[in-house]
>>> print(open('my_file-v5.cif').read())   # mmCIF, C-alpha atoms
data_my_file
#
loop_
_atom_site.label_atom_id
_atom_site.label_comp_id
_atom_site.auth_asym_id
_atom_site.auth_seq_id
_atom_site.Cartn_x
_atom_site.Cartn_y
_atom_site.Cartn_z
CA MET A 1 16.69 16.03 -11.72
CA SER A 2 15.49 19.10 -9.81
CA ILE A 3 15.88 19.42 -6.04
CA SER A 4 12.09 19.44 -5.70
CA ILE A 5 11.68 16.13 -7.53
CA LEU A 6 14.56 14.55 -5.59
CA SER A 7 13.10 15.64 -2.26
CA GLY A 8 9.72 14.33 -3.41
CA ILE A 9 11.22 10.92 -4.19
CA LEU A 10 12.97 10.81 -0.81
CA LEU A 11 9.73 11.66 1.01
CA ILE A 12 7.87 8.98 -0.92
CA ALA A 13 10.67 6.55 -0.05
CA LEU A 14 10.08 7.31 3.63
CA GLY A 15 6.40 6.53 3.09
CA ALA A 16 7.38 3.29 1.37
CA PHE A 17 9.43 2.28 4.41
CA SER A 18 6.38 2.80 6.61
CA SER A 19 4.17 0.90 4.16
CA GLY A 20 6.64 -1.97 3.88
CA SER A 21 6.83 -2.23 7.66
CA PHE A 22 3.17 -2.10 8.65
CA ALA A 23 2.58 -5.89 8.77
CA VAL A 24 5.47 -6.56 11.13
CA PRO A 25 3.41 -5.94 14.34
CA PHE A 26 0.94 -8.65 13.25
CA GLY A 27 3.57 -11.21 14.18
CA LYS A 28 3.23 -10.13 17.82
CA ILE A 29 -0.54 -10.73 18.02
CA LYS A 30 -1.50 -13.88 19.89
CA GLY A 31 -4.67 -15.97 19.74
CA TRP A 32 -6.65 -13.73 17.38
CA SER A 33 -8.00 -14.82 14.02
CA TRP A 34 -6.95 -12.94 10.88
CA GLU A 35 -10.30 -11.12 10.52
CA THR A 36 -10.10 -9.82 14.09
CA TYR A 37 -6.69 -8.21 13.91
CA TRP A 38 -7.37 -6.96 10.37
CA MET A 39 -10.48 -5.15 11.66
CA VAL A 40 -8.52 -3.52 14.50
CA PHE A 41 -5.76 -2.55 12.07
CA SER A 42 -8.37 -1.10 9.70
CA LEU A 43 -10.06 0.92 12.44
CA GLY A 44 -6.77 2.68 13.08
CA ALA A 45 -5.60 2.91 9.47
CA TYR A 46 -8.87 4.07 7.88
CA ILE A 47 -10.69 5.98 10.60
CA LEU A 48 -8.78 6.98 13.75
CA PHE A 49 -5.45 8.11 12.31
CA PRO A 50 -6.87 9.86 9.20
CA LEU A 51 -9.20 11.86 11.44
CA ALA A 52 -6.33 12.67 13.82
CA ALA A 53 -4.19 13.83 10.88
CA CYS A 54 -6.97 16.09 9.65
CA LEU A 55 -7.44 17.60 13.10
CA ILE A 56 -3.73 18.42 13.15
CA PHE A 57 -3.06 19.47 9.54
CA ALA A 58 -6.52 20.52 8.25
CA PRO A 59 -8.77 21.37 11.23
CA ASP A 60 -11.57 22.65 8.97
CA PHE A 61 -11.67 19.42 6.97
CA MET A 62 -15.45 19.02 7.36
CA ALA A 63 -15.99 22.43 5.76
CA ILE A 64 -13.60 21.44 2.95
CA ILE A 65 -15.49 18.19 2.34
CA GLY A 66 -18.79 20.08 2.48
CA SER A 67 -17.54 22.47 -0.23
CA THR A 68 -16.68 19.59 -2.59
CA PRO A 69 -19.15 18.60 -5.35
CA SER A 70 -21.17 15.54 -4.30
CA GLY A 71 -20.20 13.71 -7.49
CA THR A 72 -16.51 13.94 -6.58
CA LEU A 73 -17.17 12.75 -3.03
CA LEU A 74 -19.21 9.77 -4.25
CA THR A 75 -16.57 8.79 -6.80
CA VAL A 76 -13.76 8.92 -4.24
CA PHE A 77 -15.84 7.03 -1.66
CA LEU A 78 -16.73 4.24 -4.11
CA LEU A 79 -13.11 3.94 -5.25
CA GLY A 80 -12.17 3.62 -1.58
CA ALA A 81 -14.73 0.84 -1.18
CA LEU A 82 -13.29 -0.96 -4.22
CA TYR A 83 -9.81 -0.53 -2.80
CA GLY A 84 -11.11 -2.17 0.37
CA VAL A 85 -11.60 -5.38 -1.62
CA GLY A 86 -7.98 -5.14 -2.76
CA ASN A 87 -6.68 -4.44 0.72
CA LEU A 88 -8.55 -7.39 2.21
CA SER A 89 -7.04 -9.55 -0.52
CA PHE A 90 -3.64 -8.04 0.27
CA GLY A 91 -4.00 -9.19 3.85
CA LEU A 92 -4.63 -12.71 2.57
CA ALA A 93 -1.65 -12.52 0.20
CA LEU A 94 0.63 -11.63 3.14
CA ARG A 95 -0.98 -14.35 5.23
CA TYR A 96 -0.30 -17.08 2.66
CA LEU A 97 2.91 -15.84 0.98
CA GLY A 98 4.76 -13.84 3.64
CA LEU A 99 6.10 -10.30 3.34
CA SER A 100 8.64 -10.74 0.54
CA LEU A 101 6.64 -12.66 -2.05
CA GLY A 102 3.27 -11.24 -0.99
CA TYR A 103 4.40 -7.65 -1.52
CA ALA A 104 6.24 -8.41 -4.77
CA LEU A 105 3.29 -10.05 -6.51
CA SER A 106 0.56 -7.77 -5.13
CA LEU A 107 2.24 -4.41 -5.42
CA GLY A 108 3.87 -5.27 -8.73
CA LEU A 109 0.48 -5.35 -10.44
CA MET A 110 -0.68 -2.31 -8.47
CA LEU A 111 2.40 -0.41 -9.66
CA ALA A 112 1.75 -0.96 -13.36
CA ILE A 113 -2.04 -0.59 -13.31
CA GLY A 114 -2.19 2.17 -10.71
CA THR A 115 0.45 4.31 -12.45
CA LEU A 116 -1.07 4.15 -15.93
CA ILE A 117 -4.86 4.13 -15.46
CA PRO A 118 -5.37 7.56 -13.78
CA PRO A 119 -3.44 9.62 -16.40
CA LEU A 120 -4.97 7.52 -19.18
CA ILE A 121 -8.44 8.53 -17.98
CA ASP A 122 -7.75 12.26 -17.56
CA GLY A 123 -5.55 12.68 -20.67
CA ARG A 124 -2.23 13.46 -19.00
CA LEU A 125 -0.65 10.27 -20.30
CA GLN A 126 -1.34 11.24 -23.90
CA VAL A 127 0.30 14.62 -23.30
CA MET A 128 3.25 13.02 -21.58
CA MET A 129 3.73 10.49 -24.39
CA GLN A 130 4.40 13.35 -26.82
CA GLY A 131 7.76 14.01 -25.15
CA LYS A 132 10.67 12.09 -23.67
CA GLY A 133 8.89 11.79 -20.32
CA GLY A 134 6.34 9.33 -21.70
CA THR A 135 9.04 7.04 -23.03
CA MET A 136 10.90 7.20 -19.72
CA LEU A 137 7.70 6.45 -17.78
CA ILE A 138 6.98 3.34 -19.84
CA LEU A 139 10.64 2.31 -19.53
CA GLY A 140 10.47 2.76 -15.76
CA ILE A 141 7.35 0.60 -15.51
CA VAL A 142 8.86 -2.08 -17.75
CA VAL A 143 12.05 -2.10 -15.65
CA ALA A 144 9.92 -2.35 -12.50
CA ILE A 145 7.98 -5.29 -13.92
CA VAL A 146 11.26 -7.04 -14.80
CA GLY A 147 12.51 -6.52 -11.24
CA ILE A 148 9.23 -7.65 -9.74
CA GLY A 149 9.19 -10.68 -12.03
CA LEU A 150 12.67 -11.65 -10.84
CA SER A 151 11.59 -11.13 -7.24
CA ALA A 152 8.56 -13.35 -7.75
CA TRP A 153 10.68 -15.94 -9.56
CA SER A 154 13.17 -16.07 -6.71
CA GLY A 155 10.25 -16.65 -4.35
CA ILE A 156 8.91 -19.46 -6.53
CA LEU A 157 12.36 -21.09 -6.68
CA LYS A 158 12.57 -20.86 -2.92
CA ASP A 159 9.14 -22.50 -2.69
CA LYS A 160 10.28 -25.41 -4.87
CA ILE A 161 13.50 -26.03 -2.96
CA MET A 162 12.42 -25.60 0.64
CA SER A 163 10.31 -28.18 2.47
CA ASP A 164 6.83 -27.33 3.76
CA THR A 165 8.15 -27.55 7.32
CA LYS A 166 10.88 -24.99 6.57
CA LYS A 167 8.46 -22.59 4.85
CA GLN A 168 5.96 -22.76 7.69
CA GLU A 169 8.61 -21.94 10.28
CA SER A 170 8.37 -18.29 9.18
CA ILE A 171 5.01 -18.28 7.32
CA HIS A 172 2.65 -20.43 9.36
CA GLU A 173 -0.12 -20.68 6.74
CA PHE A 174 2.03 -20.74 3.60
CA ASN A 175 -0.04 -21.58 0.49
CA LEU A 176 1.36 -20.56 -2.90
CA ILE A 177 -1.86 -21.04 -4.89
CA LYS A 178 -4.17 -19.20 -2.46
CA GLY A 179 -1.61 -16.43 -1.99
CA THR A 180 -1.07 -15.94 -5.72
CA MET A 181 -4.81 -15.74 -6.44
CA ALA A 182 -5.19 -13.15 -3.68
CA ALA A 183 -2.24 -11.16 -5.07
CA ILE A 184 -3.78 -11.07 -8.57
CA LEU A 185 -7.03 -9.71 -7.12
CA VAL A 186 -5.01 -7.09 -5.20
CA GLY A 187 -3.36 -5.90 -8.40
CA PHE A 188 -6.62 -5.01 -10.09
CA THR A 189 -8.84 -3.81 -7.23
CA GLY A 190 -6.06 -2.28 -5.13
CA SER A 191 -5.16 0.12 -7.92
CA ALA A 192 -8.44 1.92 -7.20
CA MET A 193 -6.53 3.79 -4.48
CA SER A 194 -4.25 5.41 -7.05
CA LEU A 195 -7.27 6.41 -9.13
CA GLY A 196 -8.99 7.68 -5.98
CA PHE A 197 -6.01 9.92 -5.19
CA GLU A 198 -6.17 11.47 -8.65
CA GLN A 199 -9.98 11.77 -8.76
CA GLY A 200 -9.80 13.37 -5.31
CA ASN A 201 -7.52 16.20 -6.48
CA PRO A 202 -10.46 18.69 -6.43
CA ILE A 203 -10.78 18.11 -2.66
CA SER A 204 -7.08 18.87 -2.20
CA GLU A 205 -7.41 22.01 -4.35
CA ILE A 206 -10.25 23.27 -2.16
CA ALA A 207 -8.12 22.54 0.91
CA VAL A 208 -5.28 24.69 -0.47
CA LYS A 209 -7.72 27.53 -1.21
CA GLN A 210 -8.85 27.34 2.41
CA ASP A 211 -5.25 27.84 3.59
CA VAL A 212 -4.26 24.23 4.25
CA ASP A 213 -0.53 23.73 3.68
CA PRO A 214 -0.12 22.13 0.22
CA LEU A 215 2.09 19.48 1.84
CA PHE A 216 -0.97 18.17 3.72
CA ALA A 217 -3.77 19.07 1.31
CA MET A 218 -4.51 15.38 0.64
CA MET A 219 -5.66 14.72 4.20
CA PRO A 220 -9.38 15.66 3.79
CA MET A 221 -9.55 13.59 0.60
CA VAL A 222 -8.00 10.62 2.40
CA VAL A 223 -10.80 10.70 5.00
CA VAL A 224 -13.41 10.29 2.25
CA LEU A 225 -11.44 7.60 0.39
CA PHE A 226 -10.74 5.49 3.46
CA ALA A 227 -14.30 5.79 4.77
CA GLY A 228 -15.28 3.73 1.73
CA THR A 229 -12.48 1.27 2.44
CA PHE A 230 -13.61 0.84 6.04
CA VAL A 231 -17.19 0.04 5.00
CA THR A 232 -15.96 -2.84 2.83
CA THR A 233 -13.72 -4.05 5.65
CA ILE A 234 -16.51 -4.02 8.25
CA VAL A 235 -18.79 -6.08 6.01
CA TRP A 236 -16.21 -8.75 5.21
CA CYS A 237 -14.55 -9.04 8.62
CA THR A 238 -17.93 -9.22 10.38
CA TYR A 239 -19.03 -11.93 7.97
CA LEU A 240 -15.85 -13.93 8.61
CA GLY A 241 -16.16 -13.34 12.34
CA ARG A 242 -19.65 -14.81 12.40
CA LYS A 243 -18.69 -17.65 10.07
CA ASN A 244 -15.59 -18.62 12.05
CA GLY A 245 -17.01 -17.88 15.50
CA SER A 246 -14.24 -15.37 16.18
CA LEU A 247 -16.29 -12.30 17.16
CA SER A 248 -15.48 -13.07 20.80
CA ASN A 249 -11.80 -12.33 20.04
CA TYR A 250 -12.50 -8.62 20.49
CA SER A 251 -13.15 -9.09 24.20
CA GLN A 252 -11.35 -12.32 24.98
CA ALA A 253 -7.74 -13.52 25.06
CA GLU A 254 -5.64 -15.84 27.17
CA THR A 255 -4.92 -12.98 29.59
CA THR A 256 -5.91 -9.32 29.88
CA LYS A 257 -2.32 -8.36 29.11
CA ILE A 258 -2.39 -10.30 25.83
CA LEU A 259 -5.74 -8.76 24.90
CA THR A 260 -4.35 -5.27 25.51
CA SER A 261 -1.15 -5.94 23.59
CA ASN A 262 -3.15 -7.37 20.67
CA TYR A 263 -5.04 -4.09 20.37
CA ILE A 264 -1.81 -2.11 20.67
CA PHE A 265 -0.04 -4.09 17.95
CA GLY A 266 -3.11 -4.00 15.69
CA LEU A 267 -3.37 -0.23 16.02
CA LEU A 268 0.40 0.15 15.62
CA ALA A 269 0.10 -1.64 12.27
CA GLY A 270 -2.66 0.82 11.36
CA PHE A 271 -0.48 3.77 12.33
CA LEU A 272 2.47 2.54 10.28
CA TRP A 273 0.27 1.91 7.29
CA PHE A 274 -1.50 5.28 7.44
CA SER A 275 1.62 7.32 8.20
CA GLN A 276 2.91 6.47 4.72
CA PHE A 277 0.24 8.79 3.31
CA ILE A 278 1.33 11.78 5.35
CA VAL A 279 4.82 11.71 3.84
CA TYR A 280 3.45 10.43 0.50
CA SER A 281 1.19 13.50 0.39
CA MET A 282 4.20 15.71 1.05
CA GLY A 283 6.27 13.97 -1.62
CA LYS A 284 3.47 13.98 -4.19
CA SER A 285 3.07 17.74 -3.81
CA LYS A 286 6.65 18.14 -5.09
CA MET A 287 6.32 15.96 -8.19
CA GLY A 288 5.03 18.66 -10.55
CA THR A 289 2.24 18.19 -13.11
CA TYR A 290 2.58 14.44 -13.41
CA THR A 291 1.71 13.57 -9.84
CA PHE A 292 0.63 10.07 -10.83
CA THR A 293 4.32 9.07 -11.09
CA SER A 294 4.38 9.17 -7.28
CA TRP A 295 2.34 5.97 -7.12
CA GLY A 296 4.87 3.91 -9.06
CA ILE A 297 7.69 5.10 -6.82
CA LEU A 298 5.71 4.26 -3.67
CA MET A 299 4.84 0.75 -4.87
CA ALA A 300 8.37 -0.04 -6.10
CA LEU A 301 10.16 1.04 -2.95
CA THR A 302 7.54 -0.55 -0.68
CA ILE A 303 8.39 -3.90 -2.27
CA VAL A 304 12.07 -3.31 -1.50
CA PHE A 305 11.51 -2.49 2.17
CA ALA A 306 9.08 -5.39 2.59
CA THR A 307 11.71 -7.74 1.15
CA VAL A 308 14.24 -6.46 3.69
CA TRP A 309 11.76 -7.22 6.47
CA GLY A 310 11.23 -10.65 4.95
CA LEU A 311 14.96 -11.28 5.21
CA LEU A 312 15.04 -10.10 8.83
CA ARG A 313 12.08 -12.38 9.63
CA LYS A 314 14.07 -15.28 8.10
CA GLU A 315 11.49 -15.99 5.39
CA TRP A 316 14.42 -16.85 3.10
CA LYS A 317 16.30 -18.97 5.63
CA GLY A 318 17.58 -22.14 4.04
CA ALA A 319 17.46 -20.85 0.47
CA PRO A 320 20.67 -21.37 -1.58
CA THR A 321 23.02 -18.48 -2.36
CA LYS A 322 21.96 -18.22 -6.02
CA ILE A 323 18.38 -17.46 -4.95
CA TYR A 324 19.60 -14.77 -2.55
CA VAL A 325 21.62 -13.21 -5.40
CA LEU A 326 18.59 -13.29 -7.72
CA MET A 327 16.42 -11.69 -5.06
CA ILE A 328 18.95 -8.90 -4.31
CA LEU A 329 19.37 -8.21 -8.04
CA SER A 330 15.61 -7.88 -8.38
CA GLN A 331 15.51 -5.28 -5.59
CA LEU A 332 18.27 -3.20 -7.19
CA ILE A 333 16.35 -3.22 -10.48
CA ILE A 334 13.17 -2.12 -8.69
CA ILE A 335 15.03 0.76 -6.98
CA ALA A 336 16.36 1.89 -10.38
CA SER A 337 12.83 1.77 -11.81
CA SER A 338 11.52 4.09 -9.08
CA PHE A 339 14.00 6.78 -10.11
CA LEU A 340 13.15 6.36 -13.81
CA ILE A 341 9.47 6.80 -13.02
CA GLY A 342 10.23 9.85 -10.85
CA ILE A 343 12.46 11.50 -13.47
CA SER A 344 9.86 10.92 -16.20
CA GLY A 345 7.69 13.66 -14.75
CA THR A 346 10.42 16.26 -15.38
CA GLU A 347 10.96 15.52 -19.07
#
>>> encode(input="my_file-v5.cif", output="structure tokens")
Amino acid sequence: MSISILSGILLIALGAFSSGSFAVPFGKIKGWSWETYWMVFSLGAYILFPLAACLIFAPDFMAIIGSTPSGTLLTVFLLGALYGVGNLSFGLALRYLGLSLGYALSLGLMLAIGTLIPPLIDGRLQVMMQGKGGTMLILGIVVAIVGIGLSAWSGILKDKIMSDTKKQESIHEFNLIKGTMAAILVGFTGSAMSLGFEQGNPISEIAVKQDVDPLFAMMPMVVVLFAGTFVTTIVWCTYLGRKNGSLSNYSQAETTKILTSNYIFGLLAGFLWFSQFIVYSMGKSKMGTYTFTSWGILMALTIVFATVWGLLRKEWKGAPTKIYVLMILSQLIIIASSFLIGISGTE
């Protein structure tokens, strides 16, 4: 493995840590409905922080976007809107399943679909399959699916053994059926982000030509992609707010201090979630021709870090030792898969 690929994997791993941690601040929000804090999170994640990143790393991002063919912009925007459906479903999966199981089921499907679809569309997968790299890529995805399957199975076993009271001590709205349905929807619609990253490569290429550091060339593209995501989020969260009578949450809380802290924690979640893409962009730029392998690494390691947070939040409290062992084994397998996927791009 070359130094460039290794450094790319390590950068992506840092992004995965940020991604796996973003939902933790939600636990500090008091008195707000899900749609309220998800809207505040989304405002930071999809609008405020992407724009701030562009102002820092690509100040002429509007000129870069203006130089991009309209067809590319529309494609990336629509893929972002489709991803918005997946991300809303992801929020529900975390709400009903918790961090450990919610991440494992949702991101497991996103890993497999999101890694394979983009290169299948543009022909790179066929080229890769002609050498050892293609075999290693498929092996890495299969290994990841095995690890994710074990992780999900350990969660299901925990669900069967633990009482509803125990489960709801750490996951207040635990619902295996609702959470699983949401996770399946995430797997298919959420993978649009991976495709959006690849379809948005022309925007990044224009950014490099206009002297943006290649490490941050994805930033203008991210603005277009997440603008689509935010539109979907506004529509759904506003609908839920009107339906549930929670629109007043934005200006009301038990105290002014709680209201302020709710906004801070919601925006902090948005910052953690978006910051993954700054280091992911840096890592992806070091992965050579087969940049799509970066997605599989990000998804696999995000599951691992989310599971660690799940342990710290005592989501597994009360589970027998054999389930802990199964869960830890699944995480080790997932870590191994991320390196197989990363190495596949060098073969």
>>> closest_atom_pairs(input="my_file-v5.cif", of="stretch 71-113 of chain A", to="stretch 31-53 of chain A", cutoff="9 Å", atoms="only C-alpha atoms", output="Markdown table")
| residue | atom | partner | partner_atom | distance |
| --- | --- | --- | --- | --- |
| A:Leu88 | CA | A:Trp38 | CA | 8.3 |
| A:Gly91 | CA | A:Trp38 | CA | 7.7 |
| A:Leu92 | CA | A:Trp34 | CA | 8.6 |
| A:Arg95 | CA | A:Trp34 | CA | 8.3 |
>>> atom_distance(input="my_file-v5.cif", atom1="atom CA of A:Leu14", atom2="atom CA of A:Met62")
28.3 Å
>>> resolve_selection(input="my_file-v5.cif", expression="the PyMOL selection byres ((chain A and resi 298) around 9)", output="PDB file with C-alpha atoms, keeping the file's coordinate frame")
ATOM      1  CA  ILE A   9      11.220  10.920  -4.190  1.00  0.00           C
ATOM      2  CA  ILE A  12       7.870   8.980  -0.920  1.00  0.00           C
ATOM      3  CA  ALA A  13      10.670   6.550  -0.050  1.00  0.00           C
ATOM      4  CA  GLY A  15       6.400   6.530   3.090  1.00  0.00           C
ATOM      5  CA  ALA A  16       7.380   3.290   1.370  1.00  0.00           C
ATOM      6  CA  SER A  19       4.170   0.900   4.160  1.00  0.00           C
ATOM      7  CA  LEU A 111       2.400  -0.410  -9.660  1.00  0.00           C
ATOM      8  CA  TYR A 280       3.450  10.430   0.500  1.00  0.00           C
ATOM      9  CA  THR A 293       4.320   9.070 -11.090  1.00  0.00           C
ATOM     10  CA  SER A 294       4.380   9.170  -7.280  1.00  0.00           C
ATOM     11  CA  TRP A 295       2.340   5.970  -7.120  1.00  0.00           C
ATOM     12  CA  GLY A 296       4.870   3.910  -9.060  1.00  0.00           C
ATOM     13  CA  ILE A 297       7.690   5.100  -6.820  1.00  0.00           C
ATOM     14  CA  MET A 299       4.840   0.750  -4.870  1.00  0.00           C
ATOM     15  CA  ALA A 300       8.370  -0.040  -6.100  1.00  0.00           C
ATOM     16  CA  LEU A 301      10.160   1.040  -2.950  1.00  0.00           C
ATOM     17  CA  THR A 302       7.540  -0.550  -0.680  1.00  0.00           C
ATOM     18  CA  ILE A 303       8.390  -3.900  -2.270  1.00  0.00           C
ATOM     19  CA  SER A 338      11.520   4.090  -9.080  1.00  0.00           C
TER      20      SER A 338
END
>>> closest_residue(input="my_file-v5.cif", among="A:Gly200, A:Pro25, A:Pro59, A:Gly20", to="A:Leu267", atoms="all atoms listed in the file")
A:Pro25
>>> closest_residue(input="my_file-v5.cif", among="A:Leu82, A:Ser89, A:Leu101, A:Gly134", to="A:Leu311", atoms="only C-alpha atoms")
A:Leu101
>>> atom_distance(input="my_file-v5.cif", atom1="atom CA of A:Asn87", atom2="atom CA of A:Phe226")
11.1 Å
>>> atom_distance(input="my_file-v5.cif", atom1="atom CA of A:Ser275", atom2="atom CA of A:Ser18")
6.8 Å
>>> residues_around(input="my_file-v5.cif", residues="A:Met221", least_positions_apart="4", cutoff="7 Å", atoms="all atoms listed in the file", output="mmCIF file with C-alpha atoms, in the coordinates of the input")
data_model
loop_
_atom_site.group_PDB
_atom_site.id
_atom_site.type_symbol
_atom_site.label_atom_id
_atom_site.label_comp_id
_atom_site.auth_asym_id
_atom_site.auth_seq_id
_atom_site.Cartn_x
_atom_site.Cartn_y
_atom_site.Cartn_z
ATOM 1 C CA GLY A 200 -9.800 13.370 -5.310
ATOM 2 C CA ILE A 203 -10.780 18.110 -2.660
ATOM 3 C CA SER A 204 -7.080 18.870 -2.200
ATOM 4 C CA LEU A 225 -11.440 7.600 0.390
#
>>> resolve_selection(input="my_file-v5.cif", expression="the PyMOL selection byres ((chain A and resi 213) around 12)", output="list in words")
Cys54, Ile56, Phe57, Ala58, Pro59, Ser204, Glu205, Ile206, Ala207, Val208, Lys209, Gln210, Asp211, Val212, Pro214, Leu215, Phe216, Ala217, Met218, Met219, Pro220, Ser281, Met282 and Ser285 of chain A
>>> residues_around(input="my_file-v5.cif", residues="A:Gly102", least_positions_apart="3", cutoff="10 Å", atoms="all atoms listed in the file", output="JSON, numbers by chain")
{"A": [90, 91, 92, 93, 94, 95, 96, 97, 98, 99, 105, 106, 107, 108, 152, 155, 176, 179, 180, 182, 183, 303, 306, 307, 310]}
>>> resolve_selection(input="my_file-v5.cif", expression="the PyMOL selection byres ((chain A and resi 314-329) around 6)", output="NGL selection string")
:A and (151 or 154 or 158 or 170 or 310-313 or 330-332)
>>> write_last_selection(input="my_file-v5.cif", atoms="C-alpha atoms", output="tab-separated table (two decimals), in the frame of the given file")
chain	number	residue	atom	x	y	z
A	151	SER	CA	11.59	-11.13	-7.24
A	154	SER	CA	13.17	-16.07	-6.71
A	158	LYS	CA	12.57	-20.86	-2.92
A	170	SER	CA	8.37	-18.29	9.18
A	310	GLY	CA	11.23	-10.65	4.95
A	311	LEU	CA	14.96	-11.28	5.21
A	312	LEU	CA	15.04	-10.10	8.83
A	313	ARG	CA	12.08	-12.38	9.63
A	330	SER	CA	15.61	-7.88	-8.38
A	331	GLN	CA	15.51	-5.28	-5.59
A	332	LEU	CA	18.27	-3.20	-7.19
>>> axis_aligned_box(input="my_file-v5.cif", around="stretch 246-249 of chain A", padding_each_side="3 Å", output="AutoDock Vina command-line options")
--center_x -14.0 --center_y -13.8 --center_z 18.5 --size_x 10.5 --size_y 9.1 --size_z 10.6
>>> residues_around(input="my_file-v5.cif", residues="A:Ala253", least_positions_apart="5", cutoff="10 Å", atoms="only C-alpha atoms", output="PyMOL selection string")
chain A and resi 30-32+248+258-260+262
>>> write_last_selection(input="my_file-v5.cif", atoms="C-alpha atoms", output="CSV table (one decimal), keeping the file's coordinate frame")
chain,number,residue,atom,x,y,z
A,30,LYS,CA,-1.5,-13.9,19.9
A,31,GLY,CA,-4.7,-16.0,19.7
A,32,TRP,CA,-6.6,-13.7,17.4
A,248,SER,CA,-15.5,-13.1,20.8
A,258,ILE,CA,-2.4,-10.3,25.8
A,259,LEU,CA,-5.7,-8.8,24.9
A,260,THR,CA,-4.4,-5.3,25.5
A,262,ASN,CA,-3.2,-7.4,20.7
>>> closest_residue(input="my_file-v5.cif", among="A:Val85, A:Ile184, A:Ala63, A:Leu74", to="A:Cys237", atoms="all atoms listed in the file")
A:Val85
>>> closest_residue(input="my_file-v5.cif", among="A:Met110, A:Ile65, A:Trp309, A:Ile341", to="A:Leu195", atoms="only C-alpha atoms")
A:Met110
